[in-house]
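Structure first, then comments.
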Amino acid sequence: MNGSVFLNELRRGQAARVLGLSVSGPMRRRLQDMGLTEGTLIFCVQESPLGDPRAFRIRGAVVALRGEDAAKVLVEPYV
């Protein structure tokens, strides 16, 4: 997990692979239902003018996530 960051740290144009989720309960299930499972490739496609929320392309769909929710997704930047 060397070089891992949380999803909220990605900037527009960056890609990453999901390593895991640091949340349990209904929020974990919600994130998994959006496609945020281990190994999934994610692209940050847009940031709002104030930086929150950000839009991510996940498995072909564009999903907006608040920073507090994205901070629960551990990713490894994809080169």
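For the structure tokens, the naming scheme is as follows: chains receive sequential letters (A, B, ...) according to their order of presentation, residues are indexed from 1 within each chain, and ligands are indexed from 1 in presentation order.
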Contacts of region 37-49 of chain A at 10 Å or less, counting only C-alpha atoms, minus same-chain residues fewer than 3 places along, as JSON, numbers by chain?
{"A": [7, 8, 9, 10, 11, 12, 13, 14, 15, 16, 17, 18, 19, 20, 21, 28, 31, 32, 33, 34, 52, 53, 54, 55, 56, 57, 58, 59, 60, 62, 63, 64, 73, 74, 75, 76, 77, 78]}
Once DSSP has gone over the backbone, tell me which residues of chain A are in helix (DSSP H, G or I), as a PDB file with N, CA and C atoms, in the first residue's frame.
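Dumped to result-v5.pdb:
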```pdb
ATOM      1  N   LEU A   7      -9.439   9.030  -1.721  1.00  0.00           N
ATOM      2  CA  LEU A   7     -10.043   9.480  -2.969  1.00  0.00           C
ATOM      3  C   LEU A   7     -10.218  10.998  -3.027  1.00  0.00           C
ATOM      4  N   ASN A   8     -10.470  11.622  -1.894  1.00  0.00           N
ATOM      5  CA  ASN A   8     -10.667  13.076  -1.891  1.00  0.00           C
ATOM      6  C   ASN A   8      -9.392  13.843  -2.217  1.00  0.00           C
ATOM      7  N   GLU A   9      -8.241  13.166  -2.254  1.00  0.00           N
ATOM      8  CA  GLU A   9      -6.967  13.817  -2.571  1.00  0.00           C
ATOM      9  C   GLU A   9      -6.653  13.807  -4.063  1.00  0.00           C
ATOM     10  N   PRO A  26     -24.205   1.212   6.630  1.00  0.00           N
ATOM     11  CA  PRO A  26     -24.919   1.636   5.422  1.00  0.00           C
ATOM     12  C   PRO A  26     -24.054   2.446   4.448  1.00  0.00           C
ATOM     13  N   MET A  27     -23.149   3.262   4.963  1.00  0.00           N
ATOM     14  CA  MET A  27     -22.306   4.049   4.057  1.00  0.00           C
ATOM     15  C   MET A  27     -21.385   3.136   3.245  1.00  0.00           C
ATOM     16  N   ARG A  28     -20.849   2.098   3.872  1.00  0.00           N
ATOM     17  CA  ARG A  28     -19.994   1.149   3.148  1.00  0.00           C
ATOM     18  C   ARG A  28     -20.788   0.506   2.013  1.00  0.00           C
ATOM     19  N   ARG A  29     -21.997   0.075   2.331  1.00  0.00           N
ATOM     20  CA  ARG A  29     -22.845  -0.559   1.322  1.00  0.00           C
ATOM     21  C   ARG A  29     -23.165   0.410   0.190  1.00  0.00           C
ATOM     22  N   ARG A  30     -23.437   1.653   0.516  1.00  0.00           N
ATOM     23  CA  ARG A  30     -23.746   2.671  -0.501  1.00  0.00           C
ATOM     24  C   ARG A  30     -22.574   2.867  -1.449  1.00  0.00           C
ATOM     25  N   LEU A  31     -21.359   2.971  -0.890  1.00  0.00           N
ATOM     26  CA  LEU A  31     -20.168   3.142  -1.721  1.00  0.00           C
ATOM     27  C   LEU A  31     -19.923   1.913  -2.592  1.00  0.00           C
ATOM     28  N   GLN A  32     -20.132   0.731  -2.031  1.00  0.00           N
ATOM     29  CA  GLN A  32     -19.963  -0.498  -2.806  1.00  0.00           C
ATOM     30  C   GLN A  32     -20.996  -0.570  -3.934  1.00  0.00           C
ATOM     31  N   ASP A  33     -22.214  -0.148  -3.661  1.00  0.00           N
ATOM     32  CA  ASP A  33     -23.262  -0.151  -4.679  1.00  0.00           C
ATOM     33  C   ASP A  33     -22.937   0.796  -5.831  1.00  0.00           C
ATOM     34  N   GLY A  67     -16.509  15.481  -0.319  1.00  0.00           N
ATOM     35  CA  GLY A  67     -15.180  15.223   0.210  1.00  0.00           C
ATOM     36  C   GLY A  67     -15.194  14.302   1.412  1.00  0.00           C
ATOM     37  N   GLU A  68     -16.179  14.458   2.294  1.00  0.00           N
ATOM     38  CA  GLU A  68     -16.231  13.624   3.493  1.00  0.00           C
ATOM     39  C   GLU A  68     -16.504  12.161   3.154  1.00  0.00           C
ATOM     40  N   ASP A  69     -17.229  11.897   2.069  1.00  0.00           N
ATOM     41  CA  ASP A  69     -17.474  10.516   1.644  1.00  0.00           C
ATOM     42  C   ASP A  69     -16.269   9.957   0.891  1.00  0.00           C
ATOM     43  N   ALA A  70     -15.671  10.781   0.031  1.00  0.00           N
ATOM     44  CA  ALA A  70     -14.493  10.353  -0.723  1.00  0.00           C
ATOM     45  C   ALA A  70     -13.304  10.069   0.198  1.00  0.00           C
TER      46      ALA A  70
END
```
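Distance check against Ser24 (chain A) using only C-alpha atoms: of A:Arg66, A:Ala61, A:Lys72, A:Val79, the minimum falls on A:Lys72.
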DSSP-assigned strand (DSSP E) among region 4-41 of chain A, expressed as a PDB file with N, CA and C atoms, in the first residue's frame:
```pdb
ATOM      1  N   VAL A   5      -3.448   6.912  -1.049  1.00  0.00           N
ATOM      2  CA  VAL A   5      -4.062   8.162  -0.619  1.00  0.00           C
ATOM      3  C   VAL A   5      -5.568   7.923  -0.529  1.00  0.00           C
ATOM      4  N   PHE A   6      -6.286   8.907  -0.053  1.00  0.00           N
ATOM      5  CA  PHE A   6      -7.738   8.808  -0.043  1.00  0.00           C
ATOM      6  C   PHE A   6      -8.294   9.465  -1.298  1.00  0.00           C
ATOM      7  N   ALA A  15      -6.027   9.330 -12.074  1.00  0.00           N
ATOM      8  CA  ALA A  15      -6.705   8.041 -11.987  1.00  0.00           C
ATOM      9  C   ALA A  15      -6.141   7.269 -10.801  1.00  0.00           C
ATOM     10  N   ALA A  16      -6.926   6.325 -10.287  1.00  0.00           N
ATOM     11  CA  ALA A  16      -6.484   5.523  -9.145  1.00  0.00           C
ATOM     12  C   ALA A  16      -7.247   4.209  -9.131  1.00  0.00           C
ATOM     13  N   ARG A  17      -6.714   3.254  -8.403  1.00  0.00           N
ATOM     14  CA  ARG A  17      -7.380   1.964  -8.168  1.00  0.00           C
ATOM     15  C   ARG A  17      -7.802   1.890  -6.704  1.00  0.00           C
ATOM     16  N   VAL A  18      -8.997   1.392  -6.461  1.00  0.00           N
ATOM     17  CA  VAL A  18      -9.515   1.265  -5.097  1.00  0.00           C
ATOM     18  C   VAL A  18      -8.763   0.155  -4.365  1.00  0.00           C
ATOM     19  N   LEU A  19      -8.279   0.486  -3.163  1.00  0.00           N
ATOM     20  CA  LEU A  19      -7.629  -0.492  -2.298  1.00  0.00           C
ATOM     21  C   LEU A  19      -8.577  -0.992  -1.221  1.00  0.00           C
ATOM     22  N   GLY A  20      -9.486  -0.128  -0.766  1.00  0.00           N
ATOM     23  CA  GLY A  20     -10.421  -0.533   0.276  1.00  0.00           C
ATOM     24  C   GLY A  20     -11.232   0.641   0.781  1.00  0.00           C
ATOM     25  N   LEU A  21     -12.160   0.334   1.676  1.00  0.00           N
ATOM     26  CA  LEU A  21     -13.031   1.345   2.272  1.00  0.00           C
ATOM     27  C   LEU A  21     -12.778   1.380   3.772  1.00  0.00           C
ATOM     28  N   LEU A  41     -11.009   0.831 -11.144  1.00  0.00           N
ATOM     29  CA  LEU A  41     -10.287   2.002 -11.640  1.00  0.00           C
ATOM     30  C   LEU A  41     -11.212   3.213 -11.613  1.00  0.00           C
TER      31      LEU A  41
END
```
